[in-house]
Amino acid sequence: TIGSGITFSLESSTLTLGGDFTNNGTFKCGTGAVEFNGASGNQNIVNTDPFYNLTLNKASGNVVASNTITVNNQLTCTSGNLDLSNHSCSLGTNAILSEAAGMEVMDGTISISKILDNPASVNSGGLGAEISSSSNLGNTSITRGSAIQSANGNSSIKRYYDITPTTNTGLNASFVFHYDPVDLNGLTESELVLFKSIDNGITWTQEGGTVNTTNHTVALDGINSFSRWTLGSSAAPLPVELTSFTANVIDNKKIQLNWQTATEVNNYGFEVERQASSSTTHGQKGYKKIGFVNGNGNSNSPKLYSFTDNKLIGGSDFAYRLKQIDIDGNFKYSDIVTVCVIPVKYKLSQNYPNPFNPTTKISYEIPENGFVSLKVFNELGKEVRTLVKKNQQPGKYEISFDATGIASGIYFARLHVNNYTKIVKMILLK
């Protein structure tokens, strides 16, 4: 323990610890080494100053970091894992990570930045992202994360890489993804393939690759740009990559939805779901299926889709989402798009069907907020049913009139809202 206000200089010595390392003052690492070799249980690190050499050589248990740590030269996991507890570890430009089989930096991120100019099988910092390219990628940040990537009902191994070069186009690079079998997350090693995400793990594209189960690597050539990469199973792929989803109002009467995919794997199709502003439920439960569009199964080329909603009932604001469904039944929701359609005038439409028995639908439109009264009268002017009696937002509405228990004859539906009144004649035939 380094007390508050105290400076401890290691210089070139080795500090061997059977317990915790707690720095409340200043730790000057010099070119020395800190080695954790406790006989049992976890040992803890509470230190925001850099280490030069950090070694884990424990009989059992892990070394647990309570904050972000920095290692400038050598990080060695001989025996025991470095548990980052969702914190990060930064490596110096020339630092190296060395991990014995089954021992690793886990449950957090470890990163390094290096200039990669015409790299030939360069494994920066020993993190396991091996890159070759005839291009100058410039200063390249590589972060290895210890977390499962999930989408479309499927999951990756417990490892991913975020690779961010300064130059990130036309690279024609080769990539070798190194993994540890302890991170397989139950996946079959021989079925591993590379997946790529350009939106931080929201959507994924299956890129393929060649797996080597002896060396625990998956290799892929012809990569023109880098982003986030992980390994998943070719038998249970990560999702369809949806590149756009838009909604457009046509003649203030209908809404056309358009979307595009970059690639598709086992894509059965898309359920189109809508939620109206007047829905009595909100959030996820307010959505209802209004249509289905078939997918293209497996595709490596862009595909365009569209759907037209011409039954704009239930308000003026409409929210849409896509439920992309795999052939196996797994599914994932898209982002939500919203659109507003406000009627330009008051309107009460003729009921349909007419004549009817025993039910019919009555639709109306209101261009502004108002107290809506919709009632049904018989030929003598006597009110037989109140269908609507409440304030409503602008929009299009549809009400069902059930005349069960009412005698055959001529009836009138009267709409009154603000200064607008209109009556339509209805015929009930039983």
# chains A, B, ... in the order shown; residues from 1 in each chain; ligands from 1
call {"tool": "select_by_dssp", "arguments": {"residues": "region 230-299 of chain A", "states": "helix (DSSP H, G or I)", "output": "MDAnalysis selection string"}}
result
chainID A and resid 283:286
call {"tool": "select_by_dssp", "arguments": {"residues": "region 5-42 of chain A", "states": "strand (DSSP E)", "output": "MDAnalysis selection string"}}
result
chainID A and resid 7:9 14:17 21:22 26:28 33:36
call {"tool": "residues_around", "arguments": {"residues": "region 48-62 of chain A", "least_positions_apart": "2", "cutoff": "8 Å", "atoms": "only C-alpha atoms", "output": "PyMOL selection string"}}
result
chain A and resi 23+26-43+46+64+67-83
call {"tool": "write_last_selection", "arguments": {"atoms": "N, CA, C and O atoms", "output": "compact mmCIF listing (two decimals), in the first residue's frame"}}
result
# COMPACT_ATOMS: atom_id res chain seq x y z
N ASN A 23 -2.56 1.85 -4.44
CA ASN A 23 -1.79 3.08 -4.56
C ASN A 23 -2.70 4.27 -4.30
O ASN A 23 -3.55 4.63 -5.12
N THR A 26 1.68 8.13 -5.19
CA THR A 26 2.28 8.15 -6.52
C THR A 26 3.18 6.95 -6.69
O THR A 26 4.05 6.69 -5.85
N PHE A 27 2.97 6.19 -7.79
CA PHE A 27 3.80 5.02 -8.09
C PHE A 27 4.60 5.32 -9.35
O PHE A 27 4.05 5.53 -10.43
N LYS A 28 5.95 5.35 -9.20
CA LYS A 28 6.84 5.53 -10.34
C LYS A 28 7.43 4.18 -10.69
O LYS A 28 8.27 3.64 -9.95
N CYS A 29 6.99 3.62 -11.82
CA CYS A 29 7.34 2.23 -12.13
C CYS A 29 8.76 2.07 -12.63
O CYS A 29 9.34 0.98 -12.51
N GLY A 30 9.37 3.13 -13.20
CA GLY A 30 10.70 2.99 -13.77
C GLY A 30 10.70 1.92 -14.85
O GLY A 30 9.80 1.87 -15.70
N THR A 31 11.68 1.00 -14.78
CA THR A 31 11.71 -0.15 -15.69
C THR A 31 11.55 -1.44 -14.88
O THR A 31 11.98 -2.51 -15.32
N GLY A 32 10.93 -1.31 -13.73
CA GLY A 32 10.79 -2.46 -12.85
C GLY A 32 9.58 -3.31 -13.17
O GLY A 32 8.80 -3.03 -14.09
N ALA A 33 9.38 -4.36 -12.37
CA ALA A 33 8.29 -5.32 -12.59
C ALA A 33 7.51 -5.50 -11.30
O ALA A 33 8.08 -5.53 -10.21
N VAL A 34 6.19 -5.64 -11.47
CA VAL A 34 5.32 -6.00 -10.36
C VAL A 34 4.76 -7.38 -10.68
O VAL A 34 4.15 -7.58 -11.72
N GLU A 35 5.02 -8.33 -9.76
CA GLU A 35 4.58 -9.71 -9.99
C GLU A 35 3.61 -10.13 -8.88
O GLU A 35 3.90 -10.00 -7.70
N PHE A 36 2.45 -10.64 -9.31
CA PHE A 36 1.47 -11.18 -8.37
C PHE A 36 1.64 -12.69 -8.32
O PHE A 36 1.53 -13.37 -9.34
N ASN A 37 1.93 -13.23 -7.13
CA ASN A 37 2.14 -14.68 -7.02
C ASN A 37 1.47 -15.26 -5.78
O ASN A 37 1.97 -16.18 -5.15
N GLY A 38 0.30 -14.69 -5.44
CA GLY A 38 -0.42 -15.19 -4.28
C GLY A 38 -0.76 -16.66 -4.41
O GLY A 38 -1.04 -17.17 -5.51
N ALA A 39 -0.76 -17.36 -3.31
CA ALA A 39 -0.96 -18.81 -3.33
C ALA A 39 -2.40 -19.18 -3.64
O ALA A 39 -2.66 -20.23 -4.24
N SER A 40 -3.36 -18.36 -3.22
CA SER A 40 -4.75 -18.71 -3.46
C SER A 40 -5.61 -17.45 -3.45
O SER A 40 -5.20 -16.41 -2.93
N GLY A 41 -6.82 -17.56 -4.02
CA GLY A 41 -7.76 -16.45 -4.01
C GLY A 41 -7.36 -15.33 -4.95
O GLY A 41 -6.31 -15.37 -5.60
N ASN A 42 -8.19 -14.30 -5.00
CA ASN A 42 -7.94 -13.16 -5.86
C ASN A 42 -7.03 -12.15 -5.19
O ASN A 42 -7.01 -12.01 -3.97
N GLN A 43 -6.26 -11.44 -6.00
CA GLN A 43 -5.49 -10.28 -5.56
C GLN A 43 -6.01 -9.07 -6.33
O GLN A 43 -6.44 -9.19 -7.48
N VAL A 46 -5.48 -1.54 -7.14
CA VAL A 46 -6.08 -0.21 -7.06
C VAL A 46 -4.96 0.77 -7.39
O VAL A 46 -4.17 1.14 -6.53
N VAL A 64 -7.58 -8.84 -9.92
CA VAL A 64 -8.77 -8.06 -10.25
C VAL A 64 -8.43 -6.57 -10.21
O VAL A 64 -7.93 -6.07 -9.20
N ASN A 67 -9.84 -0.32 -11.47
CA ASN A 67 -9.85 0.88 -12.28
C ASN A 67 -9.09 0.61 -13.58
O ASN A 67 -8.54 -0.48 -13.78
N THR A 68 -9.07 1.59 -14.46
CA THR A 68 -8.29 1.49 -15.69
C THR A 68 -6.81 1.38 -15.35
O THR A 68 -6.31 2.09 -14.47
N ILE A 69 -6.11 0.47 -16.04
CA ILE A 69 -4.68 0.32 -15.79
C ILE A 69 -3.91 0.51 -17.09
O ILE A 69 -4.45 0.34 -18.18
N THR A 70 -2.63 0.86 -16.94
CA THR A 70 -1.73 1.06 -18.08
C THR A 70 -0.48 0.23 -17.88
O THR A 70 0.09 0.21 -16.78
N VAL A 71 -0.03 -0.44 -18.92
CA VAL A 71 1.22 -1.22 -18.90
C VAL A 71 2.07 -0.74 -20.07
O VAL A 71 1.65 -0.84 -21.22
N ASN A 72 3.26 -0.26 -19.77
CA ASN A 72 4.09 0.36 -20.81
C ASN A 72 5.00 -0.61 -21.55
O ASN A 72 5.46 -0.30 -22.65
N ASN A 73 5.27 -1.80 -20.98
CA ASN A 73 6.26 -2.66 -21.62
C ASN A 73 5.79 -4.11 -21.80
O ASN A 73 5.65 -4.59 -22.91
N GLN A 74 5.54 -4.82 -20.71
CA GLN A 74 5.21 -6.24 -20.80
C GLN A 74 4.11 -6.60 -19.81
O GLN A 74 4.22 -6.34 -18.61
N LEU A 75 3.05 -7.20 -20.34
CA LEU A 75 1.97 -7.73 -19.51
C LEU A 75 1.94 -9.24 -19.73
O LEU A 75 1.67 -9.70 -20.83
N THR A 76 2.20 -9.99 -18.68
CA THR A 76 2.35 -11.44 -18.80
C THR A 76 1.35 -12.15 -17.89
O THR A 76 1.32 -11.92 -16.69
N CYS A 77 0.52 -13.02 -18.50
CA CYS A 77 -0.40 -13.86 -17.75
C CYS A 77 0.10 -15.29 -17.83
O CYS A 77 -0.30 -16.06 -18.71
N THR A 78 1.02 -15.63 -16.91
CA THR A 78 1.58 -16.98 -16.89
C THR A 78 0.62 -17.95 -16.23
O THR A 78 0.35 -19.04 -16.73
N SER A 79 0.08 -17.53 -15.08
CA SER A 79 -0.89 -18.34 -14.37
C SER A 79 -1.84 -17.39 -13.65
O SER A 79 -1.41 -16.60 -12.81
N GLY A 80 -3.13 -17.49 -14.01
CA GLY A 80 -4.12 -16.56 -13.48
C GLY A 80 -4.55 -15.55 -14.53
O GLY A 80 -3.75 -15.12 -15.37
N ASN A 81 -5.82 -15.16 -14.49
CA ASN A 81 -6.36 -14.17 -15.43
C ASN A 81 -6.29 -12.77 -14.84
O ASN A 81 -6.38 -12.60 -13.62
N LEU A 82 -6.14 -11.78 -15.72
CA LEU A 82 -6.30 -10.40 -15.31
C LEU A 82 -7.76 -10.03 -15.54
O LEU A 82 -8.20 -9.85 -16.68
N ASP A 83 -8.51 -9.94 -14.47
CA ASP A 83 -9.94 -9.62 -14.53
C ASP A 83 -10.10 -8.10 -14.45
O ASP A 83 -9.89 -7.50 -13.40
call {"tool": "residues_around", "arguments": {"residues": "Ser88 (chain A)", "least_positions_apart": "3", "cutoff": "6 Å", "atoms": "only C-alpha atoms", "output": "list in words"}}
result
Thr68, Gly108, Thr109 and Ile110 of chain A
call {"tool": "write_last_selection", "arguments": {"atoms": "N, CA and C atoms", "output": "short mmCIF file (atom, residue, chain, number, x, y, z; two decimals), in the first residue's frame"}}
result
data_model
loop_
_atom_site.label_atom_id
_atom_site.label_comp_id
_atom_site.auth_asym_id
_atom_site.auth_seq_id
_atom_site.Cartn_x
_atom_site.Cartn_y
_atom_site.Cartn_z
N THR A 68 -9.07 1.59 -14.46
CA THR A 68 -8.29 1.49 -15.69
C THR A 68 -6.81 1.38 -15.35
N GLY A 108 -13.32 -7.03 -19.89
CA GLY A 108 -13.00 -5.62 -20.09
C GLY A 108 -12.40 -5.46 -21.46
N THR A 109 -11.69 -4.37 -21.69
CA THR A 109 -11.03 -4.15 -22.98
C THR A 109 -9.56 -3.87 -22.77
N ILE A 110 -8.74 -4.30 -23.73
CA ILE A 110 -7.31 -4.01 -23.73
C ILE A 110 -6.97 -3.47 -25.10
#
call {"tool": "closest_residue", "arguments": {"among": "A:Leu184, A:Leu15, A:Leu429, A:Ile112", "to": "Asn354 (chain A)", "atoms": "only C-alpha atoms"}}
result
A:Leu429
call {"tool": "residues_around", "arguments": {"residues": "region 164-169 of chain A", "least_positions_apart": "6", "cutoff": "12 Å", "atoms": "only C-alpha atoms", "output": "ChimeraX atom specification"}}
result
/A:111-118,129,131,133,135-144,198,200,222-229
call {"tool": "write_last_selection", "arguments": {"atoms": "N, CA, C and O atoms", "output": "CSV table (one decimal), in the first residue's frame"}}
result
chain,number,residue,atom,x,y,z
A,111,SER,N,-6.2,-2.4,-25.1
A,111,SER,CA,-6.0,-1.7,-26.4
A,111,SER,C,-4.6,-1.2,-26.6
A,111,SER,O,-3.8,-1.0,-25.6
A,112,ILE,N,-4.2,-1.0,-27.9
A,112,ILE,CA,-2.9,-0.4,-28.2
A,112,ILE,C,-3.1,0.4,-29.5
A,112,ILE,O,-4.0,0.1,-30.3
A,113,SER,N,-2.2,1.4,-29.7
A,113,SER,CA,-2.2,2.1,-31.0
A,113,SER,C,-0.8,2.1,-31.5
A,113,SER,O,0.2,2.4,-30.8
A,114,LYS,N,-0.7,1.7,-32.8
A,114,LYS,CA,0.6,1.6,-33.5
A,114,LYS,C,0.4,2.1,-34.9
A,114,LYS,O,-0.7,2.0,-35.5
A,115,ILE,N,1.5,2.6,-35.5
A,115,ILE,CA,1.5,2.9,-36.9
A,115,ILE,C,1.7,1.6,-37.7
A,115,ILE,O,2.7,0.9,-37.5
A,116,LEU,N,0.8,1.4,-38.7
A,116,LEU,CA,0.9,0.2,-39.5
A,116,LEU,C,1.1,0.6,-40.9
A,116,LEU,O,0.2,0.9,-41.7
A,117,ASP,N,2.4,0.6,-41.4
A,117,ASP,CA,2.7,1.0,-42.7
A,117,ASP,C,3.2,-0.2,-43.5
A,117,ASP,O,4.3,-0.8,-43.2
A,118,ASN,N,2.4,-0.7,-44.4
A,118,ASN,CA,2.7,-1.9,-45.1
A,118,ASN,C,2.9,-3.1,-44.2
A,118,ASN,O,4.0,-3.8,-44.3
A,129,ALA,N,-5.0,-9.6,-33.1
A,129,ALA,CA,-5.5,-9.1,-34.3
A,129,ALA,C,-4.4,-9.0,-35.3
A,129,ALA,O,-3.7,-7.9,-35.3
A,131,ILE,N,-2.6,-8.4,-38.8
A,131,ILE,CA,-3.0,-7.7,-40.0
A,131,ILE,C,-1.8,-7.6,-41.0
A,131,ILE,O,-0.7,-7.4,-40.6
A,133,SER,N,-1.1,-5.9,-45.0
A,133,SER,CA,-1.6,-5.0,-46.1
A,133,SER,C,-0.4,-4.4,-46.8
A,133,SER,O,0.6,-4.0,-46.2
A,135,SER,N,-0.9,-1.4,-48.0
A,135,SER,CA,-1.2,0.0,-47.8
A,135,SER,C,-0.6,0.5,-46.5
A,135,SER,O,-0.3,-0.3,-45.6
A,136,ASN,N,-0.6,1.8,-46.4
A,136,ASN,CA,-0.2,2.5,-45.1
A,136,ASN,C,-1.5,2.8,-44.4
A,136,ASN,O,-2.2,3.7,-44.7
A,137,LEU,N,-1.8,2.0,-43.3
A,137,LEU,CA,-3.0,2.3,-42.5
A,137,LEU,C,-2.9,3.5,-41.6
A,137,LEU,O,-3.9,3.9,-41.0
A,138,GLY,N,-1.6,3.9,-41.4
A,138,GLY,CA,-1.4,5.0,-40.5
A,138,GLY,C,-1.5,4.6,-39.1
A,138,GLY,O,-1.5,3.4,-38.7
A,139,ASN,N,-1.7,5.5,-38.2
A,139,ASN,CA,-1.9,5.2,-36.7
A,139,ASN,C,-3.2,4.4,-36.6
A,139,ASN,O,-4.3,4.8,-36.9
A,140,THR,N,-3.0,3.2,-36.1
A,140,THR,CA,-4.2,2.2,-36.0
A,140,THR,C,-4.4,1.8,-34.6
A,140,THR,O,-3.5,1.3,-33.9
A,141,SER,N,-5.6,2.1,-34.1
A,141,SER,CA,-6.1,1.7,-32.8
A,141,SER,C,-6.7,0.3,-32.8
A,141,SER,O,-7.6,0.0,-33.6
A,142,ILE,N,-6.2,-0.6,-31.9
A,142,ILE,CA,-6.8,-2.0,-31.9
A,142,ILE,C,-7.2,-2.2,-30.4
A,142,ILE,O,-6.4,-2.1,-29.5
A,143,THR,N,-8.5,-2.5,-30.3
A,143,THR,CA,-9.0,-2.8,-28.9
A,143,THR,C,-9.6,-4.2,-29.0
A,143,THR,O,-10.4,-4.6,-29.8
A,144,ARG,N,-9.2,-5.0,-28.0
A,144,ARG,CA,-9.8,-6.4,-27.8
A,144,ARG,C,-10.8,-6.3,-26.7
A,144,ARG,O,-10.4,-6.0,-25.6
A,198,ILE,N,-20.3,-2.5,-38.7
A,198,ILE,CA,-19.9,-1.1,-38.9
A,198,ILE,C,-20.7,-0.2,-37.9
A,198,ILE,O,-20.5,1.0,-38.1
A,200,ASN,N,-20.9,-0.7,-34.3
A,200,ASN,CA,-20.6,-1.1,-33.0
A,200,ASN,C,-21.4,-2.2,-32.4
A,200,ASN,O,-21.8,-2.3,-31.2
A,222,GLY,N,-8.6,-10.1,-48.6
A,222,GLY,CA,-9.4,-9.2,-49.4
A,222,GLY,C,-10.3,-8.2,-48.6
A,222,GLY,O,-11.4,-7.8,-49.0
A,223,ILE,N,-9.8,-7.8,-47.4
A,223,ILE,CA,-10.6,-6.9,-46.6
A,223,ILE,C,-10.2,-5.4,-46.9
A,223,ILE,O,-9.0,-5.1,-46.9
A,224,ASN,N,-11.2,-4.6,-47.3
A,224,ASN,CA,-10.9,-3.2,-47.7
A,224,ASN,C,-11.1,-2.2,-46.6
A,224,ASN,O,-10.6,-1.1,-46.8
A,225,SER,N,-11.7,-2.6,-45.5
A,225,SER,CA,-11.9,-1.7,-44.4
A,225,SER,C,-12.1,-2.5,-43.1
A,225,SER,O,-12.5,-3.6,-43.2
A,226,PHE,N,-11.7,-1.8,-42.0
A,226,PHE,CA,-11.8,-2.5,-40.7
A,226,PHE,C,-12.9,-1.8,-39.9
A,226,PHE,O,-13.2,-0.6,-40.1
A,227,SER,N,-13.4,-2.5,-38.9
A,227,SER,CA,-14.3,-1.9,-37.9
A,227,SER,C,-14.4,-2.9,-36.7
A,227,SER,O,-13.3,-3.3,-36.2
A,228,ARG,N,-15.6,-3.4,-36.3
A,228,ARG,CA,-15.7,-4.4,-35.3
A,228,ARG,C,-15.8,-5.8,-35.9
A,228,ARG,O,-16.5,-6.0,-36.8
A,229,TRP,N,-15.0,-6.7,-35.3
A,229,TRP,CA,-15.0,-8.1,-35.8
A,229,TRP,C,-15.2,-9.1,-34.6
A,229,TRP,O,-14.7,-8.8,-33.5
call {"tool": "residues_around", "arguments": {"residues": "His416 (chain A)", "least_positions_apart": "3", "cutoff": "12 Å", "atoms": "only C-alpha atoms", "output": "compact mmCIF listing (two decimals) with all heavy atoms, in the first residue's frame"}}
result
# COMPACT_ATOMS: atom_id res chain seq x y z
N TYR A 346 -62.26 18.13 -42.41
CA TYR A 346 -63.15 17.21 -41.72
C TYR A 346 -63.84 16.32 -42.75
O TYR A 346 -64.18 16.76 -43.86
CB TYR A 346 -64.21 17.97 -40.92
CG TYR A 346 -63.66 18.73 -39.74
CD1 TYR A 346 -63.38 20.09 -39.85
CD2 TYR A 346 -63.42 18.10 -38.53
CE1 TYR A 346 -62.89 20.80 -38.77
CE2 TYR A 346 -62.93 18.80 -37.44
CZ TYR A 346 -62.66 20.15 -37.56
OH TYR A 346 -62.17 20.85 -36.50
N LYS A 347 -64.08 15.07 -42.34
CA LYS A 347 -64.73 14.15 -43.27
C LYS A 347 -65.37 13.00 -42.51
O LYS A 347 -64.76 12.40 -41.63
CB LYS A 347 -63.71 13.59 -44.27
CG LYS A 347 -64.32 12.64 -45.30
CD LYS A 347 -63.24 12.14 -46.27
CE LYS A 347 -63.84 11.18 -47.29
NZ LYS A 347 -62.81 10.68 -48.24
N LEU A 348 -66.64 12.72 -42.84
CA LEU A 348 -67.32 11.53 -42.36
C LEU A 348 -67.66 10.68 -43.59
O LEU A 348 -68.43 11.13 -44.46
CB LEU A 348 -68.61 11.88 -41.61
CG LEU A 348 -69.48 10.69 -41.19
CD1 LEU A 348 -68.75 9.79 -40.19
CD2 LEU A 348 -70.81 11.17 -40.60
N TYR A 364 -63.86 8.41 -40.11
CA TYR A 364 -63.92 9.87 -40.18
C TYR A 364 -62.53 10.45 -40.01
O TYR A 364 -61.60 9.78 -39.55
CB TYR A 364 -64.88 10.43 -39.13
CG TYR A 364 -64.53 10.07 -37.70
CD1 TYR A 364 -63.75 10.92 -36.91
CD2 TYR A 364 -64.99 8.89 -37.13
CE1 TYR A 364 -63.43 10.60 -35.60
CE2 TYR A 364 -64.69 8.56 -35.82
CZ TYR A 364 -63.91 9.41 -35.06
OH TYR A 364 -63.59 9.08 -33.77
N GLU A 365 -62.39 11.71 -40.43
CA GLU A 365 -61.11 12.41 -40.35
C GLU A 365 -61.33 13.77 -39.69
O GLU A 365 -62.33 14.44 -39.97
CB GLU A 365 -60.51 12.61 -41.75
CG GLU A 365 -60.28 11.32 -42.51
CD GLU A 365 -59.77 11.57 -43.93
OE1 GLU A 365 -59.34 12.71 -44.21
OE2 GLU A 365 -59.82 10.63 -44.74
N ILE A 366 -60.35 14.15 -38.84
CA ILE A 366 -60.41 15.48 -38.24
C ILE A 366 -59.03 16.13 -38.36
O ILE A 366 -58.00 15.50 -38.08
CB ILE A 366 -60.85 15.43 -36.76
CG1 ILE A 366 -59.93 14.55 -35.92
CG2 ILE A 366 -62.29 14.92 -36.67
CD1 ILE A 366 -60.26 14.58 -34.44
N GLY A 370 -60.13 18.23 -31.05
CA GLY A 370 -61.52 18.60 -30.79
C GLY A 370 -62.24 17.52 -30.02
O GLY A 370 -61.79 16.39 -29.90
N PHE A 371 -63.40 17.92 -29.47
CA PHE A 371 -64.25 16.96 -28.78
C PHE A 371 -65.15 16.30 -29.81
O PHE A 371 -65.96 16.97 -30.47
CB PHE A 371 -65.10 17.65 -27.70
CG PHE A 371 -65.90 16.69 -26.88
CD1 PHE A 371 -65.32 16.07 -25.78
CD2 PHE A 371 -67.21 16.38 -27.21
CE1 PHE A 371 -66.05 15.17 -25.00
CE2 PHE A 371 -67.94 15.49 -26.44
CZ PHE A 371 -67.36 14.87 -25.34
N VAL A 372 -64.99 15.00 -29.96
CA VAL A 372 -65.67 14.26 -31.02
C VAL A 372 -66.90 13.56 -30.45
O VAL A 372 -66.83 12.86 -29.43
CB VAL A 372 -64.73 13.22 -31.65
CG1 VAL A 372 -65.48 12.39 -32.70
CG2 VAL A 372 -63.54 13.93 -32.29
N SER A 373 -68.03 13.76 -31.13
CA SER A 373 -69.26 13.05 -30.80
C SER A 373 -69.73 12.31 -32.04
O SER A 373 -69.98 12.93 -33.09
CB SER A 373 -70.34 14.04 -30.33
OG SER A 373 -71.60 13.39 -30.21
N LEU A 374 -69.83 10.98 -31.94
CA LEU A 374 -70.35 10.17 -33.03
C LEU A 374 -71.47 9.31 -32.47
O LEU A 374 -71.24 8.44 -31.62
CB LEU A 374 -69.24 9.29 -33.63
CG LEU A 374 -69.67 8.37 -34.78
CD1 LEU A 374 -70.17 9.18 -35.98
CD2 LEU A 374 -68.51 7.46 -35.21
N LYS A 375 -72.71 9.59 -32.96
CA LYS A 375 -73.88 8.90 -32.43
C LYS A 375 -74.72 8.31 -33.56
O LYS A 375 -74.65 8.78 -34.71
CB LYS A 375 -74.75 9.88 -31.61
CG LYS A 375 -74.05 10.44 -30.37
CD LYS A 375 -74.97 11.35 -29.58
CE LYS A 375 -74.28 11.88 -28.33
NZ LYS A 375 -75.17 12.73 -27.50
N VAL A 376 -75.53 7.30 -33.20
CA VAL A 376 -76.42 6.66 -34.16
C VAL A 376 -77.86 6.93 -33.72
O VAL A 376 -78.21 6.74 -32.54
CB VAL A 376 -76.15 5.14 -34.24
CG1 VAL A 376 -77.16 4.47 -35.18
CG2 VAL A 376 -74.72 4.88 -34.70
N THR A 386 -74.23 5.62 -28.67
CA THR A 386 -73.12 6.59 -28.70
C THR A 386 -71.84 5.82 -28.96
O THR A 386 -71.44 4.96 -28.16
CB THR A 386 -73.02 7.37 -27.38
OG1 THR A 386 -74.21 8.13 -27.20
CG2 THR A 386 -71.82 8.30 -27.41
N LEU A 387 -71.19 6.12 -30.08
CA LEU A 387 -69.98 5.38 -30.47
C LEU A 387 -68.71 6.08 -30.01
O LEU A 387 -67.74 5.43 -29.63
CB LEU A 387 -69.95 5.21 -31.99
CG LEU A 387 -71.15 4.46 -32.59
CD1 LEU A 387 -71.01 4.38 -34.12
CD2 LEU A 387 -71.29 3.08 -31.99
N VAL A 388 -68.70 7.41 -30.05
CA VAL A 388 -67.52 8.18 -29.62
C VAL A 388 -68.00 9.40 -28.86
O VAL A 388 -68.93 10.09 -29.31
CB VAL A 388 -66.64 8.62 -30.82
CG1 VAL A 388 -65.43 9.42 -30.31
CG2 VAL A 388 -66.18 7.43 -31.63
N LYS A 389 -67.35 9.67 -27.72
CA LYS A 389 -67.66 10.87 -26.95
C LYS A 389 -66.43 11.24 -26.13
O LYS A 389 -66.33 10.97 -24.95
CB LYS A 389 -68.86 10.63 -26.04
CG LYS A 389 -69.40 11.89 -25.35
CD LYS A 389 -70.62 11.57 -24.50
CE LYS A 389 -71.16 12.82 -23.84
NZ LYS A 389 -72.35 12.53 -22.99
N LYS A 390 -65.45 11.88 -26.81
CA LYS A 390 -64.19 12.21 -26.14
C LYS A 390 -63.36 13.15 -27.01
O LYS A 390 -63.62 13.33 -28.20
CB LYS A 390 -63.39 10.94 -25.86
CG LYS A 390 -62.98 10.17 -27.11
CD LYS A 390 -62.22 8.90 -26.74
CE LYS A 390 -61.85 8.10 -27.97
NZ LYS A 390 -61.11 6.86 -27.63
N ASN A 391 -62.31 13.74 -26.40
CA ASN A 391 -61.35 14.54 -27.14
C ASN A 391 -60.45 13.63 -27.96
O ASN A 391 -60.03 12.56 -27.48
CB ASN A 391 -60.50 15.37 -26.19
CG ASN A 391 -61.26 16.57 -25.63
OD1 ASN A 391 -61.74 17.41 -26.39
ND2 ASN A 391 -61.38 16.63 -24.31
N ALA A 413 -75.89 7.97 -38.83
CA ALA A 413 -74.69 8.25 -38.02
C ALA A 413 -74.38 9.73 -38.12
O ALA A 413 -74.28 10.28 -39.23
CB ALA A 413 -73.51 7.42 -38.50
N ASN A 419 -66.98 22.91 -35.14
CA ASN A 419 -68.12 23.49 -35.86
C ASN A 419 -68.57 22.62 -37.03
O ASN A 419 -69.32 23.08 -37.90
CB ASN A 419 -67.75 24.89 -36.38
CG ASN A 419 -67.52 25.87 -35.25
OD1 ASN A 419 -68.26 25.85 -34.25
ND2 ASN A 419 -66.52 26.73 -35.39
N TYR A 420 -68.10 21.37 -37.05
CA TYR A 420 -68.41 20.49 -38.17
C TYR A 420 -69.44 19.47 -37.74
O TYR A 420 -69.31 18.82 -36.69
CB TYR A 420 -67.14 19.78 -38.64
CG TYR A 420 -67.36 18.76 -39.74
CD1 TYR A 420 -67.45 19.15 -41.07
CD2 TYR A 420 -67.48 17.40 -39.43
CE1 TYR A 420 -67.64 18.22 -42.07
CE2 TYR A 420 -67.68 16.46 -40.43
CZ TYR A 420 -67.76 16.87 -41.76
OH TYR A 420 -67.95 15.95 -42.75
N THR A 421 -70.49 19.31 -38.57
CA THR A 421 -71.49 18.27 -38.35
C THR A 421 -71.85 17.63 -39.69
O THR A 421 -72.07 18.34 -40.69
CB THR A 421 -72.78 18.84 -37.72
OG1 THR A 421 -72.47 19.45 -36.46
CG2 THR A 421 -73.80 17.72 -37.48
N LYS A 422 -71.91 16.32 -39.69
CA LYS A 422 -72.33 15.62 -40.91
C LYS A 422 -73.04 14.34 -40.52
O LYS A 422 -72.72 13.71 -39.49
CB LYS A 422 -71.14 15.30 -41.82
CG LYS A 422 -71.60 14.68 -43.15
CD LYS A 422 -70.45 14.47 -44.13
CE LYS A 422 -70.98 13.86 -45.43
NZ LYS A 422 -69.90 13.63 -46.41
N ILE A 423 -74.02 13.95 -41.39
CA ILE A 423 -74.83 12.76 -41.15
C ILE A 423 -74.76 11.84 -42.37
O ILE A 423 -74.80 12.32 -43.52
CB ILE A 423 -76.30 13.14 -40.87
CG1 ILE A 423 -76.39 14.00 -39.61
CG2 ILE A 423 -77.17 11.90 -40.72
CD1 ILE A 423 -77.78 14.56 -39.35
call {"tool": "residues_around", "arguments": {"residues": "Asp183 (chain A)", "least_positions_apart": "6", "cutoff": "10 Å", "atoms": "only C-alpha atoms", "output": "ChimeraX atom specification"}}
result
/A:102,104,106,146-148,156-159
call {"tool": "atom_distance", "arguments": {"atom1": "CA of Ala100 (chain A)", "atom2": "CA of Asp180 (chain A)"}}
result
10.0 Å
call {"tool": "closest_residue", "arguments": {"among": "A:Pro358, A:Gly125, A:Gly269, A:Gly18", "to": "Thr93 (chain A)", "atoms": "only C-alpha atoms"}}
result
A:Gly125
call {"tool": "atom_distance", "arguments": {"atom1": "CA of Asn266 (chain A)", "atom2": "CA of Thr205 (chain A)"}}
result
12.1 Å
call {"tool": "atom_distance", "arguments": {"atom1": "CA of Ser132 (chain A)", "atom2": "CA of Phe177 (chain A)"}}
result
11.9 Å
